file final-v5.tsv (TSV, C-alpha atoms and all ligand atoms)
chain	number	residue	atom	x	y	z
A	1	MET	CA	159.15	-20.16	120.56
A	2	ILE	CA	161.98	-20.50	118.08
A	3	ILE	CA	161.46	-20.63	114.32
A	4	TYR	CA	164.75	-21.81	112.89
A	5	LEU	CA	165.25	-20.68	109.28
A	6	ASP	CA	169.04	-20.61	109.15
A	7	ASN	CA	169.71	-24.11	107.90
A	8	ASN	CA	172.47	-23.08	105.48
A	9	ALA	CA	174.48	-22.02	108.53
A	10	THR	CA	173.87	-25.24	110.40
A	11	THR	CA	171.11	-27.76	110.97
A	12	ARG	CA	169.66	-29.50	113.99
A	13	LEU	CA	170.99	-32.98	114.61
A	14	ALA	CA	168.56	-35.62	113.37
A	15	PRO	CA	167.27	-37.60	116.40
A	16	GLU	CA	168.08	-40.84	114.56
A	17	ALA	CA	171.69	-39.70	114.10
A	18	LEU	CA	171.95	-38.88	117.81
A	19	ASP	CA	170.54	-42.31	118.71
A	20	ALA	CA	173.09	-43.98	116.44
A	21	MET	CA	175.92	-42.01	118.08
A	22	LEU	CA	175.04	-42.54	121.74
A	23	PRO	CA	176.41	-46.09	122.16
A	24	PHE	CA	179.77	-44.88	120.82
A	25	LEU	CA	179.82	-42.08	123.38
A	26	ARG	CA	178.97	-44.48	126.19
A	27	GLU	CA	179.84	-48.17	126.34
A	28	SER	CA	181.32	-48.71	122.83
A	29	PHE	CA	184.24	-46.37	123.28
A	30	GLY	CA	186.97	-48.51	121.72
A	31	ASN	CA	189.62	-47.15	119.38
A	32	ALA	CA	188.77	-48.27	115.83
A	33	GLY	CA	192.40	-49.31	115.45
A	34	SER	CA	192.44	-51.66	118.47
A	35	GLY	CA	192.50	-55.43	117.98
A	36	HIS	CA	190.03	-56.29	120.75
A	37	VAL	CA	186.29	-56.60	120.78
A	38	LEU	CA	185.58	-52.93	121.53
A	39	GLY	CA	187.98	-51.88	118.80
A	40	HIS	CA	186.23	-54.17	116.34
A	41	LEU	CA	182.86	-52.68	117.24
A	42	SER	CA	184.15	-49.19	116.47
A	43	GLU	CA	185.91	-50.30	113.31
A	44	GLY	CA	182.72	-52.00	112.09
A	45	ALA	CA	180.77	-48.82	112.74
A	46	VAL	CA	183.25	-46.76	110.73
A	47	VAL	CA	183.02	-49.26	107.85
A	48	GLN	CA	179.23	-49.00	107.91
A	49	SER	CA	179.33	-45.19	107.88
A	50	ARG	CA	181.75	-45.21	104.97
A	51	ASP	CA	179.27	-47.41	103.09
A	52	GLN	CA	176.44	-44.99	103.92
A	53	VAL	CA	178.38	-41.97	102.67
A	54	ALA	CA	179.50	-43.81	99.53
A	55	ALA	CA	175.91	-44.90	98.81
A	56	MET	CA	174.75	-41.29	99.02
A	57	LEU	CA	177.53	-39.99	96.78
A	58	GLY	CA	177.46	-42.86	94.27
A	59	CYS	CA	181.12	-43.74	94.76
A	60	SER	CA	183.16	-46.57	96.22
A	61	PRO	CA	183.65	-46.68	100.02
A	62	ALA	CA	187.43	-46.69	99.38
A	63	GLU	CA	187.03	-43.23	97.85
A	64	VAL	CA	185.55	-41.73	101.04
A	65	LEU	CA	187.76	-40.04	103.63
A	66	PHE	CA	186.34	-38.86	106.96
A	67	ASN	CA	187.42	-35.45	108.21
A	68	SER	CA	186.22	-32.51	110.31
A	69	GLY	CA	184.11	-30.75	107.68
A	70	GLY	CA	184.00	-28.48	104.67
A	71	THR	CA	186.86	-26.18	105.59
A	72	GLU	CA	189.22	-29.08	106.10
A	73	GLY	CA	188.10	-30.73	102.86
A	74	ILE	CA	188.71	-27.51	100.93
A	75	ASN	CA	192.17	-27.13	102.46
A	76	HIS	CA	192.98	-30.77	101.74
A	77	ALA	CA	191.82	-30.60	98.12
A	78	LEU	CA	193.54	-27.36	97.12
A	79	ARG	CA	196.70	-27.71	99.17
A	80	GLY	CA	196.92	-31.44	98.47
A	81	VAL	CA	196.81	-30.85	94.72
A	82	PHE	CA	199.26	-27.94	94.99
A	83	GLU	CA	201.78	-30.18	96.74
A	84	ALA	CA	201.20	-33.22	94.54
A	85	PHE	CA	201.64	-31.40	91.21
A	86	PRO	CA	204.60	-29.03	91.54
A	87	GLY	CA	204.73	-28.51	87.76
A	88	LYS	CA	201.27	-26.92	87.72
A	89	ARG	CA	200.79	-23.59	89.40
A	90	HIS	CA	197.52	-22.24	88.05
A	91	PHE	CA	194.19	-22.59	89.90
A	92	ILE	CA	190.70	-21.56	88.79
A	93	ILE	CA	187.83	-20.71	91.16
A	94	SER	CA	184.65	-18.65	90.96
A	95	ALA	CA	184.08	-15.25	92.58
A	96	VAL	CA	181.38	-16.62	94.88
A	97	GLU	CA	183.26	-19.49	96.51
A	98	HIS	CA	183.18	-19.94	100.29
A	99	PRO	CA	185.70	-17.84	102.25
A	100	ALA	CA	187.64	-21.05	102.97
A	101	VAL	CA	188.43	-21.37	99.24
A	102	MET	CA	189.34	-17.68	99.06
A	103	ALA	CA	191.64	-17.99	102.08
A	104	VAL	CA	193.44	-21.04	100.70
A	105	CYS	CA	193.85	-19.24	97.36
A	106	ASP	CA	195.44	-16.29	99.16
A	107	TRP	CA	197.85	-18.78	100.72
A	108	LEU	CA	198.51	-20.35	97.30
A	109	LYS	CA	199.25	-16.91	95.85
A	110	ARG	CA	201.85	-16.36	98.53
A	111	LYS	CA	203.37	-19.65	97.33
A	112	GLU	CA	203.65	-18.19	93.80
A	113	ALA	CA	200.52	-19.85	92.42
A	114	GLU	CA	198.36	-17.92	89.96
A	115	ILE	CA	194.64	-17.76	90.61
A	116	THR	CA	191.98	-17.04	88.00
A	117	ILE	CA	188.69	-15.92	89.54
A	118	LEU	CA	185.67	-16.37	87.28
A	119	GLY	CA	182.88	-13.83	87.70
A	120	VAL	CA	179.18	-14.63	87.82
A	121	ASP	CA	176.22	-12.89	86.21
A	122	GLY	CA	173.36	-11.07	87.94
A	123	GLU	CA	171.69	-14.39	88.71
A	124	GLY	CA	174.84	-15.81	90.29
A	125	GLN	CA	175.53	-18.01	87.30
A	126	LEU	CA	178.87	-19.09	85.92
A	127	ASP	CA	179.99	-18.32	82.36
A	128	LEU	CA	180.98	-21.71	80.98
A	129	ALA	CA	182.72	-20.20	77.97
A	130	ALA	CA	184.90	-18.16	80.33
A	131	LEU	CA	185.64	-21.32	82.30
A	132	GLU	CA	186.73	-23.12	79.15
A	133	ALA	CA	188.86	-20.20	78.00
A	134	SER	CA	190.63	-19.94	81.35
A	135	ILE	CA	191.96	-23.52	81.47
A	136	ARG	CA	195.64	-23.75	80.57
A	137	PRO	CA	198.17	-26.57	80.27
A	138	ASP	CA	199.56	-25.55	83.68
A	139	THR	CA	196.17	-25.46	85.39
A	140	ALA	CA	196.44	-27.72	88.43
A	141	LEU	CA	192.82	-27.58	89.56
A	142	VAL	CA	189.44	-26.02	88.94
A	143	SER	CA	187.49	-25.60	92.20
A	144	LEU	CA	183.78	-24.82	92.02
A	145	MET	CA	180.98	-24.99	94.54
A	146	ALA	CA	177.95	-27.15	93.74
A	147	ALA	CA	175.56	-24.70	95.41
A	148	ASN	CA	176.18	-21.25	96.82
A	149	ASN	CA	175.70	-20.93	100.57
A	150	GLU	CA	174.13	-17.44	100.35
A	151	SER	CA	172.05	-17.45	97.18
A	152	GLY	CA	171.49	-21.20	96.87
A	153	VAL	CA	172.36	-20.90	93.16
A	154	LEU	CA	173.42	-24.23	91.65
A	155	PHE	CA	176.34	-24.25	89.25
A	156	PRO	CA	175.87	-26.40	86.11
A	157	LEU	CA	178.26	-29.06	87.35
A	158	GLU	CA	177.71	-31.62	84.61
A	159	LYS	CA	178.56	-29.12	81.89
A	160	ALA	CA	181.47	-27.71	83.89
A	161	ALA	CA	182.83	-31.24	84.46
A	162	GLN	CA	182.59	-32.00	80.74
A	163	ILE	CA	184.62	-28.90	79.96
A	164	VAL	CA	187.22	-29.36	82.69
A	165	LYS	CA	187.69	-33.09	82.19
A	166	GLY	CA	187.67	-32.60	78.42
A	167	LYS	CA	190.84	-30.58	78.92
A	168	GLY	CA	192.36	-33.21	81.20
A	169	THR	CA	192.27	-30.92	84.25
A	170	LEU	CA	191.37	-31.88	87.81
A	171	LEU	CA	188.03	-30.70	89.20
A	172	HIS	CA	187.19	-30.17	92.87
A	173	VAL	CA	183.62	-29.55	93.99
A	174	ASP	CA	182.68	-27.95	97.31
A	175	ALA	CA	179.37	-29.71	97.87
A	176	THR	CA	178.87	-28.48	101.45
A	177	GLN	CA	175.52	-26.85	100.64
A	178	ALA	CA	174.33	-29.29	98.00
A	179	ILE	CA	174.46	-32.49	100.03
A	180	GLY	CA	170.95	-33.54	100.98
A	181	LYS	CA	169.40	-30.66	99.03
A	182	ALA	CA	170.29	-31.55	95.45
A	183	ALA	CA	170.87	-34.87	93.72
A	184	LEU	CA	174.57	-35.62	93.22
A	185	ASP	CA	175.74	-38.84	91.64
A	186	LEU	CA	179.46	-39.31	91.30
A	187	MET	CA	178.89	-42.38	89.17
A	188	HIS	CA	177.84	-40.00	86.40
A	189	LEU	CA	179.70	-36.85	87.38
A	190	PRO	CA	183.36	-37.12	86.41
A	191	ILE	CA	184.86	-34.98	89.15
A	192	ASP	CA	188.03	-35.77	91.09
A	193	LEU	CA	187.48	-34.33	94.55
A	194	LEU	CA	184.45	-33.34	96.62
A	195	ASN	CA	183.92	-32.20	100.19
A	196	PHE	CA	181.04	-31.61	102.57
A	197	SER	CA	180.18	-31.10	106.26
A	198	GLY	CA	178.01	-33.28	108.49
A	199	HIS	CA	176.38	-30.39	110.33
A	200	LYS	CA	174.75	-28.97	107.18
A	201	VAL	CA	172.84	-32.19	106.66
A	202	HIS	CA	171.47	-32.87	110.17
A	203	GLY	CA	174.65	-34.66	111.26
A	204	PRO	CA	177.02	-33.68	114.07
A	205	LYS	CA	179.24	-30.60	113.98
A	206	GLY	CA	182.95	-31.09	113.41
A	207	THR	CA	182.37	-33.99	111.04
A	208	GLY	CA	182.60	-34.24	107.29
A	209	ALA	CA	183.79	-36.33	104.43
A	210	MET	CA	185.68	-36.03	101.23
A	211	PHE	CA	185.53	-37.98	98.00
A	212	ILE	CA	188.93	-38.60	96.44
A	213	ARG	CA	188.66	-40.39	93.12
A	214	ARG	CA	190.51	-43.67	93.04
A	215	GLY	CA	194.04	-43.32	91.71
A	216	LEU	CA	194.31	-39.56	92.32
A	217	ARG	CA	197.66	-38.52	93.74
A	218	LEU	CA	196.86	-36.23	96.65
A	219	LYS	CA	199.20	-35.32	99.48
A	220	PRO	CA	197.97	-36.30	102.96
A	221	PHE	CA	196.32	-33.58	104.98
A	222	MET	CA	197.47	-34.70	108.40
A	223	LEU	CA	200.63	-36.68	108.90
A	224	GLY	CA	200.37	-39.29	111.61
A	225	GLY	CA	199.06	-42.83	111.91
A	226	LYS	CA	197.68	-45.06	109.18
A	227	GLN	CA	194.07	-43.94	109.65
A	228	GLU	CA	192.16	-43.03	106.49
A	229	ARG	CA	194.78	-44.83	104.37
A	230	GLY	CA	197.48	-42.57	105.71
A	231	ARG	CA	195.80	-39.47	104.26
A	232	ARG	CA	194.59	-38.16	107.59
A	233	GLY	CA	196.36	-39.50	110.66
A	234	GLY	CA	194.73	-39.44	114.09
A	235	THR	CA	192.26	-41.55	116.05
A	236	GLU	CA	188.92	-41.59	114.27
A	237	ASN	CA	186.02	-39.60	115.74
A	238	VAL	CA	183.86	-42.72	115.85
A	239	PRO	CA	180.66	-41.19	117.33
A	240	GLY	CA	180.88	-38.31	114.85
A	241	ILE	CA	181.52	-40.63	111.92
A	242	VAL	CA	178.56	-42.80	112.94
A	243	GLY	CA	176.31	-39.73	113.18
A	244	LEU	CA	177.51	-38.51	109.80
A	245	GLY	CA	176.82	-41.89	108.17
A	246	LYS	CA	173.32	-41.99	109.60
A	247	ALA	CA	172.70	-38.38	108.52
A	248	CYS	CA	173.69	-39.27	104.94
A	249	GLU	CA	171.42	-42.31	104.92
A	250	LEU	CA	168.56	-40.11	106.15
A	251	ALA	CA	169.35	-37.40	103.61
A	252	MET	CA	168.95	-39.92	100.80
A	253	ALA	CA	165.69	-41.23	102.24
A	254	HIS	CA	164.33	-37.68	102.53
A	255	LEU	CA	165.22	-36.52	98.99
A	256	PRO	CA	161.57	-36.87	97.89
A	257	ARG	CA	160.68	-34.26	100.56
A	258	LEU	CA	162.63	-31.57	98.70
A	259	ALA	CA	159.61	-30.72	96.58
A	260	ALA	CA	157.62	-29.89	99.72
A	261	ILE	CA	160.48	-27.71	100.99
A	262	SER	CA	160.68	-25.74	97.75
A	263	GLY	CA	156.88	-25.41	97.84
A	264	MET	CA	157.12	-23.71	101.25
A	265	ARG	CA	160.01	-21.53	100.08
A	266	ASP	CA	158.01	-20.46	97.02
A	267	ARG	CA	154.97	-19.58	99.17
A	268	LEU	CA	157.17	-17.45	101.38
A	269	GLU	CA	158.64	-15.63	98.39
A	270	LEU	CA	155.20	-15.09	96.89
A	271	ALA	CA	153.95	-13.62	100.17
A	272	VAL	CA	157.00	-11.36	100.46
A	273	GLN	CA	156.64	-10.13	96.89
A	274	SER	CA	152.93	-9.43	97.17
A	275	GLY	CA	153.11	-7.86	100.64
A	276	ILE	CA	156.27	-5.75	100.38
A	277	HIS	CA	157.47	-3.38	97.66
A	278	GLY	CA	161.14	-2.91	96.79
A	279	VAL	CA	162.22	-6.54	97.16
A	280	ARG	CA	164.63	-8.59	95.07
A	281	ILE	CA	164.94	-12.35	95.21
A	282	ASN	CA	168.57	-12.86	94.36
A	283	GLY	CA	169.36	-15.81	92.13
A	284	ALA	CA	165.70	-16.58	91.43
A	285	GLY	CA	166.45	-16.67	87.71
A	286	SER	CA	168.87	-19.57	88.20
A	287	ALA	CA	168.42	-23.16	89.24
A	288	ARG	CA	168.54	-22.91	93.04
A	289	LEU	CA	168.58	-25.07	96.15
A	290	PRO	CA	164.98	-25.78	97.13
A	291	ASN	CA	165.41	-24.47	100.67
A	292	THR	CA	167.10	-21.09	100.15
A	293	SER	CA	165.66	-17.61	99.74
A	294	PHE	CA	168.14	-14.74	99.44
A	295	LEU	CA	166.04	-11.59	99.84
A	296	SER	CA	167.12	-7.98	99.46
A	297	PHE	CA	164.86	-5.22	100.81
A	298	LYS	CA	165.53	-1.75	99.49
A	299	GLY	CA	166.35	0.98	102.00
A	300	LEU	CA	166.98	-0.92	105.23
A	301	GLU	CA	169.80	-2.72	106.95
A	302	GLY	CA	169.82	-6.52	106.84
A	303	GLU	CA	171.38	-6.73	110.27
A	304	ALA	CA	168.52	-4.66	111.76
A	305	LEU	CA	165.97	-6.96	110.12
A	306	LEU	CA	167.80	-10.00	111.47
A	307	LEU	CA	167.70	-8.53	114.99
A	308	LYS	CA	164.00	-7.67	114.79
A	309	LEU	CA	163.21	-11.20	113.63
A	310	SER	CA	165.47	-12.63	116.31
A	311	GLU	CA	163.55	-10.68	118.99
A	312	ARG	CA	160.50	-12.61	117.83
A	313	GLY	CA	162.34	-15.94	117.93
A	314	VAL	CA	162.95	-16.18	114.19
A	315	CYS	CA	166.50	-17.18	113.22
A	316	VAL	CA	167.75	-16.10	109.78
A	317	SER	CA	171.06	-14.87	108.49
A	318	THR	CA	172.46	-11.88	106.65
A	319	GLY	CA	174.54	-13.31	103.84
A	320	SER	CA	176.70	-16.13	105.14
A	321	ALA	CA	177.25	-16.74	108.84
A	322	CYS	CA	180.96	-16.11	108.33
A	323	ALA	CA	180.14	-12.61	107.07
A	324	THR	CA	177.95	-11.65	110.04
A	325	GLY	CA	179.12	-8.43	111.62
A	326	GLN	CA	180.55	-7.35	108.31
A	327	LYS	CA	179.29	-3.91	107.36
A	328	GLU	CA	179.66	-4.36	103.61
A	329	PRO	CA	177.54	-6.45	101.32
A	330	SER	CA	178.95	-9.95	101.04
A	331	HIS	CA	181.31	-10.88	98.21
A	332	VAL	CA	178.46	-12.93	96.73
A	333	LEU	CA	176.11	-9.93	96.52
A	334	ARG	CA	178.92	-7.83	95.07
A	335	ALA	CA	179.80	-10.49	92.48
A	336	MET	CA	176.12	-10.65	91.47
A	337	GLY	CA	176.08	-6.87	91.05
A	338	VAL	CA	173.16	-6.32	93.44
A	339	PRO	CA	172.67	-2.52	93.77
A	340	ILE	CA	173.95	-1.21	97.11
A	341	GLU	CA	170.55	0.13	98.27
A	342	TYR	CA	169.22	-3.43	98.02
A	343	ALA	CA	172.40	-5.30	98.95
A	344	MET	CA	172.61	-3.63	102.39
A	345	GLY	CA	169.15	-4.95	103.23
A	346	THR	CA	169.74	-8.61	102.49
A	347	ILE	CA	168.75	-11.61	104.55
A	348	ARG	CA	169.01	-15.32	103.83
A	349	ILE	CA	166.17	-17.57	104.85
A	350	SER	CA	166.97	-21.27	104.66
A	351	LEU	CA	164.49	-24.05	105.39
A	352	SER	CA	164.98	-27.72	106.26
A	353	ARG	CA	162.92	-30.87	106.32
A	354	TYR	CA	161.96	-29.95	109.89
A	355	THR	CA	160.45	-26.60	108.82
A	356	THR	CA	156.65	-26.51	108.99
A	357	LEU	CA	154.16	-24.63	106.84
A	358	GLU	CA	152.88	-22.87	109.98
A	359	GLU	CA	156.35	-21.52	110.67
A	360	VAL	CA	156.67	-20.23	107.12
A	361	GLN	CA	153.22	-18.63	107.34
A	362	THR	CA	154.07	-16.97	110.66
A	363	VAL	CA	157.22	-15.42	109.17
A	364	SER	CA	155.41	-14.40	105.96
A	365	GLU	CA	152.88	-12.50	108.06
A	366	MET	CA	155.54	-10.98	110.29
A	367	LEU	CA	157.85	-9.63	107.58
A	368	PRO	CA	155.78	-6.81	106.00
A	369	GLY	CA	155.24	-5.03	109.34
A	370	ILE	CA	158.88	-5.30	110.39
A	371	VAL	CA	160.17	-4.13	107.01
A	372	GLU	CA	157.74	-1.22	107.06
A	373	SER	CA	158.79	-0.15	110.58
A	374	LEU	CA	162.48	-0.31	109.70
A	375	ARG	CA	161.95	1.71	106.55
A	376	THR	CA	159.98	4.31	108.47
A	377	ALA	CA	162.80	4.56	110.98
A	378	GLY	CA	165.07	5.53	108.10
A	379	PRO	CA	167.46	3.82	105.74
A	380	TYR	CA	170.16	1.75	107.39
A	381	SER	CA	168.65	2.51	110.79
A	382	ARG	CA	168.94	0.00	113.61
A	383	ALA	CA	165.91	1.46	115.41
A	401	LIG	N1	181.65	-24.46	101.81
A	401	LIG	C1	180.40	-23.96	101.86
A	401	LIG	C2	179.66	-23.74	100.57
A	401	LIG	C3	179.80	-23.63	103.08
A	401	LIG	O1	178.58	-23.14	103.11
A	401	LIG	C4	180.55	-23.84	104.27
A	401	LIG	C5	179.97	-23.45	105.59
A	401	LIG	O2	179.23	-22.51	105.69
A	401	LIG	C6	181.84	-24.39	104.18
A	401	LIG	C7	182.35	-24.67	102.94
A	401	LIG	C8	182.67	-24.63	105.40
A	401	LIG	O3	182.11	-25.66	106.17
A	401	LIG	P1	182.50	-25.85	107.72
A	401	LIG	O4	182.27	-24.53	108.38
A	401	LIG	O5	181.59	-26.92	108.20
A	401	LIG	O6	183.93	-26.25	107.74
call {"tool": "encode", "arguments": {"input": "final-v5.tsv", "output": "structure tokens"}}
result
Amino acid sequence: MIIYLDNNATTRLAPEALDAMLPFLRESFGNAGSGHVLGHLSEGAVVQSRDQVAAMLGCSPAEVLFNSGGTEGINHALRGVFEAFPGKRHFIISAVEHPAVMAVCDWLKRKEAEITILGVDGEGQLDLAALEASIRPDTALVSLMAANNESGVLFPLEKAAQIVKGKGTLLHVDATQAIGKAALDLMHLPIDLLNFSGHKVHGPKGTGAMFIRRGLRLKPFMLGGKQERGRRGGTENVPGIVGLGKACELAMAHLPRLAAISGMRDRLELAVQSGIHGVRINGAGSARLPNTSFLSFKGLEGEALLLKLSERGVCVSTGSACATGQKEPSHVLRAMGVPIEYAMGTIRISLSRYTTLEEVQTVSEMLPGIVESLRTAGPYSRA
């Protein structure tokens, strides 16, 4: 039996999304750019998916670009702005951004850009006054995540957008974790660029989309054909795009279920707090994603806890999936100032709309015994 509680790493494909994709993997295999009947079928499907993504985001379909996921969207946004605005060489990010943002900023630094990294407080929250103070006339872009992949902490995007746009600066939002788990309406959120991945929202892996506000000058990511208005050349991944569109439509329909998901998450946290001493729930003092619990247990190793749970069929994560195998606390835990004796024993539990109360109860009952046995075996022991 598998209990899958690692939905911030990836999610299972929604059966409805798979059903929508299958015809485009079988008989409807035409190139969306072809002038014949099979091409038209594929083109129509891409148009429909673009409408579905736009409806979820609250933007125009012409502002949606299909790509391969969050990492590509981040690269496109930051590098695209860097190339389009050669007179502006200052970028602002937060200390808890995804490693993709950090890696692109390292690349930008090598290209003589200056990067300001804004710290967060103990609850993972951004200092809006520091954000305001850091914006300069030569700031090309502010890039902030909507929700943190490890802690689930939500940044106050509306206030941040007011500040950034008030200074006439471009704002990019990495919404990879927020899509489907928090309401986002670009009609009322004056941001310029946004990216997300299909596989975090029960769509297929290797798919994603980006919002590029109408009129924004952004350099193309991939030079090639005229696909995606010349911003990303290459034959469209029609089955993937169809699955992504369906996943977005489903995500919207399931938004009312978020309350039930946070209810299960809260029960789990209550059980952990009452059954185990020496626990911290990181980011609990902030507005958080409803599905995420970022738990630090004093005096044990998170990796050992992950393995013990995995032996029992329970899938969780230590920090972000990208940081697995890393022996140090993640950059998010460090930025939040979590004490080392807790930080080393951190796991992330992330639920989805497919998670059941029974699964949460099973894990709640399992955790105290495992934590106790690991602590008895000695701090940072893998026994
Ligand atoms: N941004 C955030 C906040 C993420 O959580 C992730 C994936 O974990 C990404 C970006 C990168 O997405 P992908 O791996 O789908 O390219």
call {"tool": "residues_around", "arguments": {"input": "final-v5.tsv", "residues": "Ala100 in chain A", "least_positions_apart": "6", "cutoff": "10 Å", "atoms": "all atoms listed in the file", "output": "short mmCIF file (atom, residue, chain, number, x, y, z; two decimals) with C-alpha atoms, in the frame of the given file"}}
result
data_model
loop_
_atom_site.label_atom_id
_atom_site.label_comp_id
_atom_site.auth_asym_id
_atom_site.auth_seq_id
_atom_site.Cartn_x
_atom_site.Cartn_y
_atom_site.Cartn_z
CA GLY A 70 184.00 -28.48 104.67
CA THR A 71 186.86 -26.18 105.59
CA GLU A 72 189.22 -29.08 106.10
CA GLY A 73 188.10 -30.73 102.86
CA ILE A 74 188.71 -27.51 100.93
CA ASN A 75 192.17 -27.13 102.46
CA ASP A 106 195.44 -16.29 99.16
CA CYS A 322 180.96 -16.11 108.33
#
call {"tool": "axis_aligned_box", "arguments": {"input": "final-v5.tsv", "around": "range 234-252 of chain A", "padding_each_side": "3 Å", "output": "JSON"}}
result
{"center_x": 181.6, "center_y": -40.1, "center_z": 109.1, "size_x": 32.2, "size_y": 11.4, "size_z": 22.5}
call {"tool": "closest_atom_pairs", "arguments": {"input": "final-v5.tsv", "of": "chain A", "to": "ligand LIG 401 (chain A)", "cutoff": "7 Å", "atoms": "only C-alpha atoms and all ligand atoms", "output": "tab-separated table"}}
result
residue	atom	partner	partner_atom	distance
A:Asn8	CA	A:LIG401	O1	6.6
A:Ala9	CA	A:LIG401	O2	5.6
A:Gly69	CA	A:LIG401	O6	4.5
A:Gly70	CA	A:LIG401	O3	3.7
A:Thr71	CA	A:LIG401	O6	3.6
A:Glu72	CA	A:LIG401	O6	6.2
A:Glu97	CA	A:LIG401	C2	6.9
A:His98	CA	A:LIG401	N1	5.0
A:Ala100	CA	A:LIG401	C7	6.4
A:Met145	CA	A:LIG401	C2	6.3
A:Ala147	CA	A:LIG401	C2	6.7
A:Asn148	CA	A:LIG401	C2	5.7
A:Asn149	CA	A:LIG401	O1	4.4
A:Asp174	CA	A:LIG401	N1	5.8
A:Ala175	CA	A:LIG401	C2	6.6
A:Thr176	CA	A:LIG401	C1	4.8
A:Gln177	CA	A:LIG401	C2	5.2
A:Ser197	CA	A:LIG401	O5	4.8
A:His199	CA	A:LIG401	O5	6.6
A:Gly206	CA	A:LIG401	O5	6.8
A:Ser320	CA	A:LIG401	O2	6.9
A:Ala321	CA	A:LIG401	O2	6.9
call {"tool": "closest_residue", "arguments": {"input": "final-v5.tsv", "among": "A:Ala77, A:Ala209, A:Val338, A:Ala284", "to": "Val242 in chain A", "atoms": "only C-alpha atoms"}}
result
A:Ala209
call {"tool": "closest_residue", "arguments": {"input": "final-v5.tsv", "among": "A:Leu367, A:Pro204, A:Gly345, A:Arg312", "to": "Pro15 in chain A", "atoms": "only C-alpha atoms"}}
result
A:Pro204
call {"tool": "residues_near_point", "arguments": {"input": "final-v5.tsv", "point": "(156.4, -14.1, 106.5)", "cutoff": "10 Å", "atoms": "only C-alpha atoms", "output": "PyMOL selection string"}}
result
chain A and resi 267-272+275+359-370
call {"tool": "closest_residue", "arguments": {"input": "final-v5.tsv", "among": "A:Pro239, A:Arg257, A:His277, A:Ala17", "to": "Tyr354 in chain A", "atoms": "all atoms listed in the file"}}
result
A:Arg257
call {"tool": "residues_near_point", "arguments": {"input": "final-v5.tsv", "point": "(195.8, -18.7, 94.7)", "cutoff": "10 Å", "atoms": "all atoms listed in the file", "output": "PyMOL selection string"}}
result
chain A and resi 78+82+89-93+101-117
call {"tool": "atom_distance", "arguments": {"input": "final-v5.tsv", "atom1": "CA of Ile212 in chain A", "atom2": "CA of His254 in chain A"}}
result
25.4 Å
call {"tool": "closest_residue", "arguments": {"input": "final-v5.tsv", "among": "A:Lys165, A:Lys181, A:Arg280, A:His40", "to": "Pro256 in chain A", "atoms": "only C-alpha atoms"}}
result
A:Lys181
call {"tool": "atom_distance", "arguments": {"input": "final-v5.tsv", "atom1": "CA of Lys200 in chain A", "atom2": "CA of Gly180 in chain A"}}
result
8.6 Å
call {"tool": "atom_distance", "arguments": {"input": "final-v5.tsv", "atom1": "CA of Ser28 in chain A", "atom2": "CA of Phe211 in chain A"}}
result
27.4 Å
call {"tool": "residues_around", "arguments": {"input": "final-v5.tsv", "residues": "range 218-222 of chain A", "least_positions_apart": "5", "cutoff": "10 Å", "atoms": "all atoms listed in the file", "output": "number ranges by chain"}}
result
A: 67, 72-73, 75-85, 193, 212-213, 227-234
